[in-house]
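Novice: Dropping in coords_1.txt, with compact mmCIF, C-alpha atoms.
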# COMPACT_ATOMS: atom_id res chain seq x y z
CA MET C 1 141.31 124.90 105.67
CA GLU C 2 140.86 128.23 103.97
CA THR C 3 141.02 131.24 106.29
CA LYS C 4 139.36 134.54 105.34
CA MET C 5 140.44 137.77 106.95
CA VAL C 6 137.93 140.50 107.85
CA SER C 7 139.16 144.03 108.28
CA ALA C 8 138.55 145.81 111.54
CA LYS C 9 136.58 148.47 109.69
CA GLY C 10 134.32 145.85 108.06
CA LEU C 11 133.85 144.02 111.34
CA ARG C 12 132.86 147.25 113.10
CA LEU C 13 130.26 147.90 110.39
CA TRP C 14 128.59 144.46 110.83
CA VAL C 15 128.66 144.78 114.60
CA SER C 16 127.05 148.22 114.38
CA LEU C 17 124.29 146.96 112.11
CA PHE C 18 123.59 144.03 114.42
CA ALA C 19 123.48 146.28 117.47
CA LEU C 20 121.08 148.71 115.81
CA PHE C 21 118.70 146.39 113.97
CA GLY C 22 119.34 142.86 115.15
CA LEU C 23 119.96 139.76 113.09
CA ALA C 24 117.11 140.49 110.68
CA ALA C 25 118.94 143.59 109.42
CA VAL C 26 121.94 141.66 108.19
CA ILE C 27 120.31 138.49 106.76
CA ALA C 28 118.40 138.59 103.49
CA LEU C 29 115.30 136.41 103.49
CA GLY C 30 114.03 135.02 100.21
CA SER C 31 114.76 136.88 97.05
CA GLY C 32 113.09 139.75 95.30
CA ARG C 33 113.25 141.32 91.92
CA ALA C 34 111.82 144.43 90.41
CA SER C 35 108.15 144.17 89.58
CA PRO C 36 107.61 144.25 85.82
CA SER C 37 105.14 147.09 86.33
CA GLY C 38 106.58 148.79 89.38
CA GLY C 39 109.97 149.81 88.03
CA VAL C 40 111.59 149.33 91.46
CA PRO C 41 115.27 148.39 91.31
CA SER C 42 115.94 144.70 91.94
CA ALA C 43 117.59 143.96 95.28
CA ALA C 44 117.71 141.31 97.97
CA ALA C 45 114.93 141.93 100.47
CA VAL C 46 116.98 142.78 103.53
CA GLY C 47 115.12 142.02 106.76
CA ILE C 48 112.06 140.42 105.18
CA GLN C 49 110.35 137.84 107.38
CA TYR C 50 107.95 135.06 106.39
CA ASP C 51 105.58 133.77 109.05
CA LEU C 52 103.20 130.86 108.35
CA SER C 53 100.40 130.02 110.79
CA GLN C 54 97.25 127.87 110.81
CA TRP C 55 93.93 128.31 112.56
CA ALA C 56 93.24 126.18 115.67
CA ASP C 57 89.45 126.19 115.76
CA VAL C 58 88.99 124.95 119.34
CA SER C 59 91.51 127.40 120.81
CA ALA C 60 90.41 130.07 118.30
CA ILE C 61 93.95 131.30 117.66
CA TRP C 62 96.48 131.35 114.85
CA ARG C 63 99.11 128.75 115.78
CA HIS C 64 102.72 128.23 114.77
CA GLY C 65 102.78 124.75 116.31
CA ASP C 66 100.97 121.55 115.44
CA LEU C 67 97.20 121.29 115.31
CA ASN C 68 96.22 118.52 117.72
CA ALA C 69 93.20 117.10 119.53
CA GLN C 70 93.56 119.66 122.34
CA ASN C 71 93.38 122.77 120.16
CA SER C 72 91.50 121.67 117.04
CA ALA C 73 88.59 119.51 115.88
CA TYR C 74 88.26 119.44 112.10
CA HIS C 75 86.17 116.94 110.17
CA GLU C 76 87.06 115.26 106.93
CA GLY C 77 85.72 117.39 104.13
CA GLU C 78 86.40 120.65 105.96
CA SER C 79 89.09 123.19 105.18
CA ILE C 80 91.81 124.48 107.52
CA PRO C 81 92.65 128.21 107.21
CA PHE C 82 96.30 129.19 106.62
CA MET C 83 97.89 132.63 106.82
CA LEU C 84 101.26 133.72 105.47
CA ARG C 85 102.37 137.08 106.89
CA ILE C 86 105.30 138.84 105.25
CA ASP C 87 106.94 141.67 107.19
CA SER C 88 109.54 144.22 106.07
CA ALA C 89 108.80 143.53 102.41
CA SER C 90 110.19 145.76 99.69
CA VAL C 91 107.31 147.71 98.19
CA GLY C 92 106.93 147.10 94.47
CA THR C 93 109.28 144.11 94.40
CA ALA C 94 107.89 140.83 93.06
CA TYR C 95 108.27 137.80 95.33
CA ASP C 96 107.97 134.17 94.30
CA ILE C 97 105.99 132.08 96.81
CA THR C 98 105.64 128.29 96.69
CA ILE C 99 102.92 126.55 98.72
CA THR C 100 103.38 122.78 99.14
CA TYR C 101 100.92 120.37 100.76
CA ARG C 102 101.00 116.66 101.50
CA CYS C 103 98.26 115.05 99.42
CA ASN C 104 98.77 111.42 100.46
CA LYS C 105 100.31 109.81 103.50
CA GLY C 106 100.77 106.08 103.53
CA GLY C 107 97.67 105.40 101.41
CA PRO C 108 94.97 107.66 102.90
CA ASN C 109 94.65 111.10 101.34
CA ALA C 110 95.67 114.18 103.32
CA TYR C 111 95.00 117.63 101.78
CA ASP C 112 93.39 116.84 98.43
CA PHE C 113 92.97 120.43 97.19
CA LEU C 114 93.21 124.07 98.25
CA THR C 115 90.27 126.38 98.99
CA GLY C 116 89.42 129.86 100.18
CA TYR C 117 90.54 130.38 103.78
CA ASP C 118 87.01 130.88 105.18
CA ARG C 119 85.27 127.92 103.52
CA ASP C 120 84.30 126.23 106.82
CA ARG C 121 85.66 128.46 109.58
CA SER C 122 85.73 132.22 110.14
CA PRO C 123 89.15 132.81 111.69
CA SER C 124 89.98 136.09 113.36
CA LEU C 125 91.53 138.67 111.07
CA ALA C 126 92.64 140.86 113.97
CA ASP C 127 96.35 141.20 114.70
CA PRO C 128 98.43 139.31 113.65
CA GLY C 129 95.98 139.20 110.74
CA PRO C 130 95.22 141.98 108.26
CA GLY C 131 92.40 143.49 110.33
CA SER C 132 89.98 144.05 107.46
CA PRO C 133 87.76 141.34 105.93
CA ILE C 134 88.17 142.91 102.49
CA PRO C 135 91.32 141.79 100.68
CA SER C 136 93.37 144.02 98.43
CA ALA C 137 93.45 141.40 95.69
CA THR C 138 92.21 137.90 94.89
CA LEU C 139 93.38 135.22 92.49
CA ALA C 140 91.42 132.08 91.57
CA ILE C 141 93.22 128.93 92.67
CA ASN C 142 94.03 126.78 89.66
CA ASP C 143 91.81 123.72 89.33
CA ASP C 144 93.34 120.29 89.89
CA PRO C 145 92.43 118.35 86.71
CA SER C 146 93.15 114.99 88.37
CA ILE C 147 90.13 115.17 90.71
CA THR C 148 86.49 116.22 90.44
CA TYR C 149 85.80 116.82 94.13
CA ASP C 150 86.83 120.47 93.84
CA ASP C 151 84.71 121.27 90.78
CA ALA C 152 81.73 122.60 92.76
CA GLU C 153 83.81 124.86 95.02
CA ILE C 154 82.89 128.56 95.16
CA ASP C 155 85.12 131.47 96.20
CA ARG C 156 88.11 129.18 95.73
CA GLU C 157 90.82 131.81 95.67
CA TRP C 158 94.03 133.15 97.11
CA ARG C 159 93.32 136.36 99.05
CA LEU C 160 95.97 139.00 99.53
CA TRP C 161 96.07 142.05 101.79
CA GLY C 162 98.60 144.85 101.29
CA GLY C 163 99.68 143.84 97.80
CA HIS C 164 98.64 142.53 94.40
CA PHE C 165 99.17 139.50 92.22
CA THR C 166 101.09 139.65 88.96
CA GLY C 167 98.79 136.96 87.59
CA THR C 168 101.52 134.35 87.43
CA GLN C 169 100.44 131.05 88.99
CA LEU C 170 101.76 127.55 88.37
CA GLY C 171 100.21 124.39 89.71
CA PRO C 172 99.14 122.17 91.00
CA ASP C 173 102.38 120.33 90.41
CA PRO C 174 102.05 117.50 89.64
CA SER C 175 98.68 117.83 87.94
CA THR C 176 98.20 114.07 87.97
CA VAL C 177 96.67 111.91 90.72
CA CYS C 178 98.66 112.20 93.92
CA PRO C 179 101.04 109.23 94.36
CA PRO C 180 101.42 107.43 97.70
CA ASP C 181 103.23 109.67 100.18
CA GLY C 182 103.17 112.41 97.55
CA SER C 183 102.91 116.19 97.70
CA LYS C 184 101.64 118.91 95.39
CA SER C 185 102.58 122.56 95.11
CA TYR C 186 101.50 125.91 93.70
CA ALA C 187 103.85 128.74 92.73
CA LEU C 188 102.60 132.31 92.56
CA GLU C 189 104.04 135.80 92.43
CA ILE C 190 103.00 138.69 94.64
CA VAL C 191 103.98 142.35 94.75
CA PRO C 192 103.75 144.20 98.11
CA ASP C 193 102.11 147.63 98.10
CA GLN C 194 103.19 148.14 101.71
CA PRO C 195 105.83 146.63 104.01
CA THR C 196 103.43 144.05 105.54
CA VAL C 197 101.49 141.63 103.38
CA TRP C 198 99.06 138.80 104.24
CA LEU C 199 98.22 135.83 102.03
CA LEU C 200 95.37 133.53 103.14
CA TRP C 201 94.05 130.23 101.75
CA GLY C 202 92.66 126.90 103.00
CA GLY C 203 93.68 123.25 102.86
CA HIS C 204 90.82 120.79 102.27
CA LEU C 205 90.96 117.61 104.36
CA ALA C 206 90.24 114.64 102.11
CA SER C 207 86.94 112.89 102.89
CA GLU C 208 86.19 109.20 102.64
CA LEU C 209 82.83 110.23 101.17
CA ASP C 210 84.85 111.20 98.08
CA TRP C 211 87.77 108.76 98.15
CA GLY C 212 86.18 105.70 99.75
CA PRO C 213 86.21 104.09 103.21
CA GLY C 214 89.56 104.35 104.97
CA LEU C 215 91.00 106.78 102.42
CA GLY C 216 90.09 110.06 104.13
CA ALA C 217 92.41 112.22 106.22
CA SER C 218 91.12 110.89 109.56
CA SER C 219 92.41 107.42 108.59
CA ILE C 220 96.02 108.63 108.57
CA SER C 221 98.02 107.15 111.41
CA GLY C 222 101.39 107.97 112.91
CA ALA C 223 103.20 111.23 112.29
CA PRO C 224 101.43 114.47 111.30
CA PHE C 225 101.30 115.79 107.73
CA HIS C 226 102.26 119.23 106.55
CA MET C 227 101.48 122.42 104.67
CA SER C 228 104.60 124.46 103.91
CA MET C 229 105.69 127.67 102.27
CA ASP C 230 108.99 128.41 100.56
CA ALA C 231 110.69 131.35 98.89
CA PRO C 232 114.04 131.38 97.12
CA GLY C 233 117.01 132.06 99.35
CA THR C 234 117.66 131.73 103.05
CA GLY C 235 114.95 133.06 105.34
CA LEU C 236 113.76 133.56 108.91
CA GLY C 237 110.30 132.90 110.31
CA SER C 238 107.88 130.00 110.42
CA ARG C 239 107.50 128.13 107.13
CA ASP C 240 106.08 124.69 107.88
CA ARG C 241 102.89 123.75 109.68
CA SER C 242 101.54 120.30 110.52
CA ILE C 243 98.36 118.67 111.80
CA GLN C 244 98.23 115.54 113.89
CA PRO C 245 95.76 112.86 112.73
CA LYS C 246 93.95 112.96 116.10
CA ALA C 247 92.84 116.51 115.32
CA ILE C 248 90.82 115.17 112.37
CA LEU C 249 87.42 113.56 112.84
CA PRO C 250 85.44 111.40 110.40
CA PRO C 251 82.98 113.14 108.07
CA PRO C 252 80.31 115.00 110.04
CA ASP C 253 76.72 113.84 109.96
CA THR C 254 73.37 115.19 111.02
CA ASP C 255 69.74 114.10 110.97
CA VAL C 256 67.48 116.16 108.71
CA GLU C 257 63.83 115.20 109.20
CA LYS C 258 60.70 115.83 107.18
CA VAL C 259 58.51 116.56 110.21
CA SER C 260 55.12 116.87 108.50
CA LEU C 261 53.21 117.51 105.29
CA THR C 262 49.61 118.70 105.52
CA VAL C 263 46.94 119.84 103.05
CA GLY C 264 44.32 122.44 103.90
CA THR C 265 42.91 125.82 102.89
CA PRO C 266 44.40 129.28 103.49
CA ASP C 267 43.05 131.13 106.49
CA PRO C 268 41.05 134.12 105.18
CA SER C 269 42.52 136.53 107.71
CA THR C 270 46.18 135.41 107.93
CA GLY C 271 46.71 133.60 104.64
CA GLU C 272 48.44 130.79 106.52
CA CYS C 273 47.69 127.17 105.66
CA THR C 274 45.67 126.41 108.76
CA GLY C 275 42.14 125.92 107.37
CA PRO C 276 40.53 122.50 106.89
CA ALA C 277 40.99 120.63 103.64
CA PRO C 278 37.92 120.64 101.36
CA THR C 279 35.91 117.45 100.92
CA ASP C 280 33.29 118.62 98.41
CA ILE C 281 33.73 120.93 95.44
CA ASP C 282 31.56 122.08 92.54
CA VAL C 283 32.40 120.87 89.08
CA SER C 284 33.99 123.55 86.86
CA GLN C 285 34.76 125.86 89.77
CA ASP C 286 38.29 126.84 90.88
CA VAL C 287 39.07 125.92 94.47
CA THR C 288 42.13 127.15 96.39
CA ILE C 289 43.98 124.68 98.61
CA CYS C 290 47.36 124.84 100.32
CA THR C 291 50.16 122.67 101.69
CA ARG C 292 52.37 123.17 104.72
CA GLN C 293 55.80 121.52 104.82
CA VAL C 294 57.82 121.36 108.04
CA ILE C 295 61.47 120.25 108.15
CA ARG C 296 63.99 120.20 111.00
CA ASN C 297 67.71 119.63 111.49
CA ASN C 298 67.99 117.37 114.54
CA GLY C 299 71.76 117.88 114.66
CA PRO C 300 74.44 117.62 115.72
CA TYR C 301 75.98 119.40 112.72
CA GLU C 302 74.76 122.94 112.02
CA PRO C 303 73.93 124.79 109.97
CA VAL C 304 73.21 122.46 107.09
CA ASP C 305 71.94 123.40 103.63
CA VAL C 306 69.02 121.38 102.27
CA VAL C 307 66.75 121.31 99.23
CA ASP C 308 63.08 120.37 99.70
CA THR C 309 61.05 119.17 96.70
CA LEU C 310 57.25 118.87 96.65
CA THR C 311 55.62 117.11 93.70
CA VAL C 312 51.87 117.16 93.08
CA THR C 313 49.77 114.89 90.87
CA ALA C 314 46.21 115.63 89.74
CA PRO C 315 43.83 112.76 88.88
CA PRO C 316 42.29 112.38 85.39
CA GLY C 317 39.59 114.94 84.83
CA CYS C 318 41.19 117.49 87.16
CA THR C 319 44.03 120.01 87.08
CA ILE C 320 46.23 121.55 89.77
CA THR C 321 48.15 124.80 89.39
CA PRO C 322 51.08 125.14 89.75
CA SER C 323 51.69 121.65 88.44
CA GLY C 324 55.49 121.51 88.48
CA PRO C 325 57.64 120.53 91.45
CA ILE C 326 57.90 123.15 94.22
CA VAL C 327 61.59 123.40 95.14
CA TRP C 328 63.03 125.52 97.94
CA SER C 329 66.47 125.77 99.51
CA VAL C 330 67.10 126.67 103.12
CA SER C 331 69.90 126.62 105.68
CA LEU C 332 68.83 124.81 108.85
CA PRO C 333 70.20 125.47 112.33
CA ALA C 334 69.95 122.57 114.76
CA GLY C 335 66.68 121.99 116.62
CA ILE C 336 64.53 124.71 115.01
CA PRO C 337 61.67 123.59 112.72
CA VAL C 338 61.29 125.53 109.49
CA SER C 339 57.97 125.61 107.61
CA ARG C 340 56.73 126.73 104.23
CA ASP C 341 53.20 127.23 102.86
CA ASP C 342 52.24 126.95 99.18
CA ASN C 343 48.88 127.65 97.53
CA PHE C 344 47.38 125.66 94.67
CA THR C 345 44.26 125.94 92.52
CA ILE C 346 42.39 122.72 91.76
CA HIS C 347 39.73 122.32 89.09
CA CYS C 348 37.68 119.24 88.17
CA TYR C 349 35.58 118.92 85.02
CA GLY C 350 33.43 115.89 85.79
CA PRO C 351 31.42 114.68 88.75
CA SER C 352 33.18 111.94 90.66
CA THR C 353 35.43 111.25 93.60
CA HIS C 354 38.97 112.52 92.84
CA VAL C 355 42.26 111.90 94.64
CA PHE C 356 45.17 114.38 94.51
CA ASP C 357 48.60 113.07 95.46
CA PHE C 358 51.40 115.02 97.22
CA GLN C 359 54.98 113.71 97.66
CA ASP C 360 57.62 115.67 99.59
CA SER C 361 61.32 114.95 100.20
CA VAL C 362 64.36 116.77 101.57
CA VAL C 363 68.07 116.19 100.85
CA ILE C 364 71.26 117.65 102.30
CA THR C 365 73.32 119.73 99.87
CA THR C 366 76.15 120.84 102.18
CA PRO C 367 79.29 119.16 100.82
CA ASP C 368 80.73 116.25 102.82
CA ILE C 369 77.77 116.06 105.23
CA THR C 370 75.87 112.78 105.48
CA ASP C 371 72.35 112.22 106.77
CA SER C 372 72.44 109.82 109.70
CA ASN C 373 68.79 108.81 109.24
CA PRO C 374 67.65 109.12 105.61
CA LEU C 375 64.49 107.11 106.34
CA ASN C 376 62.73 110.18 107.78
CA ASN C 377 63.45 112.45 104.81
CA SER C 378 60.13 112.09 102.97
CA ALA C 379 56.37 112.35 103.48
CA SER C 380 53.26 111.88 101.38
CA ILE C 381 49.59 112.75 101.67
CA GLN C 382 46.44 112.50 99.54
CA LEU C 383 43.50 114.84 99.21
CA THR C 384 40.17 113.19 98.35
CA VAL C 385 37.35 115.44 97.11
CA ASN C 386 33.86 114.76 95.80
CA ALA C 387 32.98 116.85 92.76
CA TRP C 388 29.27 117.59 92.30
CA ASP C 389 27.33 118.89 89.31
CA GLN C 390 24.04 120.85 89.42
CA VAL C 391 21.42 119.49 86.95
CA ASP C 392 18.26 121.45 86.03
CA LEU C 393 14.95 119.55 85.90
CA SER C 394 12.40 120.25 83.21
CA LEU C 395 9.37 118.76 85.02
CA SER C 396 6.20 120.82 84.83
CA GLN C 397 5.13 122.68 87.94
CA GLU C 398 1.53 121.96 87.01
CA VAL C 399 2.05 118.23 86.81
CA LEU C 400 3.51 118.15 90.29
CA ALA C 401 0.86 120.38 91.82
CA GLY C 402 -2.24 119.27 93.69
CA ASP C 403 -2.09 116.96 96.62
CA CYS C 404 1.70 116.63 96.41
CA VAL C 405 3.93 118.95 98.37
CA SER C 406 3.96 122.35 96.80
CA GLY C 407 6.91 123.47 94.76
CA ALA C 408 8.71 121.08 92.44
CA PRO C 409 12.53 121.14 92.77
CA THR C 410 14.44 122.94 90.05
CA ALA C 411 17.88 121.37 90.65
CA ILE C 412 19.28 118.30 92.35
CA ASP C 413 22.82 117.05 93.10
CA VAL C 414 24.25 114.20 91.09
CA GLY C 415 24.47 111.08 93.24
CA GLN C 416 21.71 112.12 95.64
CA SER C 417 18.20 110.60 95.76
CA VAL C 418 15.28 113.02 95.53
CA GLU C 419 11.70 111.89 96.19
CA LEU C 420 9.04 113.28 93.86
CA CYS C 421 5.28 112.84 93.72
CA LEU C 422 2.95 112.90 90.75
CA HIS C 423 -0.73 113.87 90.97
CA LYS C 424 -2.85 112.64 88.08
CA VAL C 425 -6.23 114.10 87.14
CA ILE C 426 -8.64 111.90 85.14
Would you mind writing the structure in this file as structure tokens?
Specialist:
Amino acid sequence: METKMVSAKGLRLWVSLFALFGLAAVIALGSGRASPSGGVPSAAAVGIQYDLSQWADVSAIWRHGDLNAQNSAYHEGESIPFMLRIDSASVGTAYDITITYRCNKGGPNAYDFLTGYDRDRSPSLADPGPGSPIPSATLAINDDPSITYDDAEIDREWRLWGGHFTGTQLGPDPSTVCPPDGSKSYALEIVPDQPTVWLLWGGHLASELDWGPGLGASSISGAPFHMSMDAPGTGLGSRDRSIQPKAILPPPDTDVEKVSLTVGTPDPSTGECTGPAPTDIDVSQDVTICTRQVIRNNGPYEPVDVVDTLTVTAPPGCTITPSGPIVWSVSLPAGIPVSRDDNFTIHCYGPSTHVFDFQDSVVITTPDITDSNPLNNSASIQLTVNAWDQVDLSLSQEVLAGDCVSGAPTAIDVGQSVELCLHKVI
């Protein structure tokens, strides 16, 4: 066994440091080097501490322990917020950070990609968080080319408070499809502008709606799976966080209903579509009609984004303006009907009975949300109108005078019978 001697003077120095500043003062956590742009001398980051936490949505706190069924209730397809807090950082020194996440556990998928931290939850940013909702810097999270489920993500970025990114980012590694029981990682470089820095992101829980039945995160059984952070060198603080499968629920669903579709005329005083629908119109005259669409989210999930599409079809010999589909997007809370009125101009060129057709449907656009009752998502209605033409008569007033009723008619409606009399003089 090799024995190393420590001088009394050296021992007194270490003891003094420990007494004044504690263990953190004498252990270097991670490694730092001078920022290429900062010009700060390279040195080990004495006293730096890394603390990784995850948001428990039921308890509404940042946790260092497991997420479980008592403190959290996340659905497949939702994202869990993560926060890395770095204390006692060396200002201007670049730090290499590696974020690793389990992407598959025993067959079912775990975290399939990373997102912005506030994709599905709005965790508190108060202490121990950064306090402000506005980050100092952002960096787009590299796309995973092996999957398409992340292609439509917006605001998919790392967000940093108290520092800036150098722009260096590697990952995901591997960039291929996650193997069974595999993990993926990202490596990025940050430079603190102050002693305390916060890095926030989210981990997306794989959904069976993307991967197939039994392949989402809620199908994982047994031990929890992890999100971890690492930096070169030996460090203090929390670096690994896990979630138990019982804290993950199947994909959420809700019932979006097309409550009604009606056709009428705008009220002259309010402009709302509450007037009766026309039954008779004059040929070659413009007539204003309207539709009212009512949709409702019956829950339980809220809010949910939907797109409603109304298509209109005019019969031959008639036009309707606007003629294209009427599309509107809206976010629906649970239990509150939402309505929309639209005005149209109809015009018919020939006398006849004409039928206008209206078809309306609504679909959910919120990712990873299914409609529990798609059979009530559509409605249709028809408007039947009789178009009449006014025809002038050229009969002589003199011919129809005499014993007949006075005054020959000058116009009659097409399709109506008019009785005339003729008085002859011999």
Novice: What is the CA of Val363 in chain C to CA of Thr265 in chain C distance in Å?
Specialist: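 CA of Val363 in chain C sits 27.0 Å away from CA of Thr265 in chain C.
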Novice: Would you work out the distance separating CA of Ile48 in chain C from CA of Asp96 in chain C, expressed in Å to one decimal?
Specialist: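 Separating CA of Ile48 in chain C from CA of Asp96 in chain C is a distance of 13.2 Å.
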Novice: Counting only C-alpha atoms, what is within 7 Å of range 125-141 of chain C, bar same-chain residues fewer than 3 positions away, as a ChimeraX atom specification?
Specialist: /C:156-165,198
Novice: Might you pull out every residue within 7 Å of Leu205 in chain C, with all atoms listed in the file counted and same-chain residues fewer than 6 positions away left off, and present them as a PyMOL selection string?
Specialist: chain C and resi 76-79+110-112+217
Novice: Considering all atoms listed in the file, can you say which of C:Asn373, C:Thr148, C:Ser88, C:Gln285 comes closest to His347 in chain C?
Specialist: C:Gln285
Novice: Enter the distance from CA of Arg241 in chain C to CA of Leu170 in chain C, in Å, rounded to one decimal.
Specialist: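 CA of Leu170 in chain C lies at a distance of 21.7 Å from CA of Arg241 in chain C.
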Novice: When distances are computed from only C-alpha atoms, which of C:Asn298, C:Thr262, C:Asn109, C:Ser372 shows the smallest separation from Pro180 in chain C?
Specialist: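 Ranking C:Asn298, C:Thr262, C:Asn109, C:Ser372 by distance to Pro180 in chain C, first place goes to C:Asn109.
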Novice: When you count only C-alpha atoms, which of these residues is closest to Gln194 in chain C: C:Gln169, C:Ser284, C:Ser242, C:Ser90?
Specialist: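 Using only C-alpha atoms, the shortest distance to Gln194 in chain C belongs to C:Ser90.
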Novice: Which polymer residues have any atom within 9 Å of an atom of Ser352 in chain C, counting all atoms listed in the file, with same-chain residues fewer than 4 positions away left out, as an MDAnalysis selection string?
Specialist: chainID C and resid 348 385:388
Novice: So, with all atoms listed in the file as the atoms that count, which of C:Val330, C:Ile61, C:Val259, C:Ala206 lies closest to Val304 in chain C?
Specialist: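 Of the candidates, the smallest distance to Val304 in chain C is held by C:Val330.
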Novice: Would you list the residues near (61.7, 114.8, 103.5) (no more than 6 Å away, in the coordinates of the file, using all atoms listed in the file) as JSON, numbers by chain?
Specialist: {"C": [258, 360, 361, 362, 377, 378, 379]}
Novice: Using only C-alpha atoms, which residues sit within 8 Å of range 268-276 of chain C once same-chain residues fewer than 4 positions away are excluded, as an MDAnalysis selection string?
Specialist: chainID C and resid 263:264 290:292 341:342
Novice: Next, write the just-selected residues to a file, as a PDB file, in the frame of the given file, keeping C-alpha atoms as the atom set.
Specialist:
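Output (out.pdb):
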ATOM      1  CA  VAL C 263      46.940 119.840 103.050  1.00  0.00           C
ATOM      2  CA  GLY C 264      44.320 122.440 103.900  1.00  0.00           C
ATOM      3  CA  CYS C 290      47.360 124.840 100.320  1.00  0.00           C
ATOM      4  CA  THR C 291      50.160 122.670 101.690  1.00  0.00           C
ATOM      5  CA  ARG C 292      52.370 123.170 104.720  1.00  0.00           C
ATOM      6  CA  ASP C 341      53.200 127.230 102.860  1.00  0.00           C
ATOM      7  CA  ASP C 342      52.240 126.950  99.180  1.00  0.00           C
TER       8      ASP C 342
END
Novice: My structure is short of atoms at range 209-222 of chain C; please model N, CA, C and O atoms there, returning them as a JSON list (two decimals), keeping the file's coordinate frame.
Specialist:
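Dumped everything to out.json:
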[["chain", "number", "residue", "atom", "x", "y", "z"],
["C", 209, "LEU", "N", 84.04, 110.16, 101.99],
["C", 209, "LEU", "CA", 82.83, 110.23, 101.17],
["C", 209, "LEU", "C", 83.19, 110.44, 99.70],
["C", 209, "LEU", "O", 82.41, 110.09, 98.81],
["C", 210, "ASP", "N", 84.37, 111.03, 99.44],
["C", 210, "ASP", "CA", 84.85, 111.20, 98.08],
["C", 210, "ASP", "C", 85.76, 110.04, 97.66],
["C", 210, "ASP", "O", 85.61, 109.49, 96.58],
["C", 211, "TRP", "N", 86.70, 109.69, 98.53],
["C", 211, "TRP", "CA", 87.77, 108.76, 98.15],
["C", 211, "TRP", "C", 87.45, 107.30, 98.47],
["C", 211, "TRP", "O", 88.09, 106.40, 97.93],
["C", 212, "GLY", "N", 86.50, 107.06, 99.37],
["C", 212, "GLY", "CA", 86.18, 105.70, 99.75],
["C", 212, "GLY", "C", 86.55, 105.42, 101.20],
["C", 212, "GLY", "O", 87.37, 106.13, 101.81],
["C", 213, "PRO", "N", 85.95, 104.40, 101.81],
["C", 213, "PRO", "CA", 86.21, 104.09, 103.21],
["C", 213, "PRO", "C", 87.70, 103.88, 103.48],
["C", 213, "PRO", "O", 88.40, 103.19, 102.73],
["C", 214, "GLY", "N", 88.16, 104.51, 104.56],
["C", 214, "GLY", "CA", 89.56, 104.35, 104.97],
["C", 214, "GLY", "C", 90.56, 105.17, 104.19],
["C", 214, "GLY", "O", 91.76, 105.09, 104.44],
["C", 215, "LEU", "N", 90.08, 106.00, 103.25],
["C", 215, "LEU", "CA", 91.00, 106.78, 102.42],
["C", 215, "LEU", "C", 90.92, 108.27, 102.70],
["C", 215, "LEU", "O", 91.50, 109.08, 101.97],
["C", 216, "GLY", "N", 90.17, 108.67, 103.74],
["C", 216, "GLY", "CA", 90.09, 110.06, 104.13],
["C", 216, "GLY", "C", 91.20, 110.43, 105.11],
["C", 216, "GLY", "O", 91.94, 109.57, 105.61],
["C", 217, "ALA", "N", 91.31, 111.73, 105.40],
["C", 217, "ALA", "CA", 92.41, 112.22, 106.22],
["C", 217, "ALA", "C", 92.38, 111.70, 107.65],
["C", 217, "ALA", "O", 93.42, 111.57, 108.29],
["C", 218, "SER", "N", 91.18, 111.38, 108.18],
["C", 218, "SER", "CA", 91.12, 110.89, 109.56],
["C", 218, "SER", "C", 91.66, 109.47, 109.68],
["C", 218, "SER", "O", 91.88, 108.99, 110.80],
["C", 219, "SER", "N", 91.87, 108.78, 108.56],
["C", 219, "SER", "CA", 92.41, 107.42, 108.59],
["C", 219, "SER", "C", 93.94, 107.39, 108.60],
["C", 219, "SER", "O", 94.53, 106.32, 108.67],
["C", 220, "ILE", "N", 94.56, 108.57, 108.50],
["C", 220, "ILE", "CA", 96.02, 108.63, 108.57],
["C", 220, "ILE", "C", 96.47, 108.30, 109.98],
["C", 220, "ILE", "O", 95.88, 108.77, 110.96],
["C", 221, "SER", "N", 97.48, 107.51, 110.10],
["C", 221, "SER", "CA", 98.02, 107.15, 111.41],
["C", 221, "SER", "C", 99.48, 107.57, 111.49],
["C", 221, "SER", "O", 100.14, 107.80, 110.48],
["C", 222, "GLY", "N", 99.97, 107.66, 112.72],
["C", 222, "GLY", "CA", 101.39, 107.97, 112.91],
["C", 222, "GLY", "C", 101.66, 109.46, 112.92],
["C", 222, "GLY", "O", 100.92, 110.24, 113.53]]
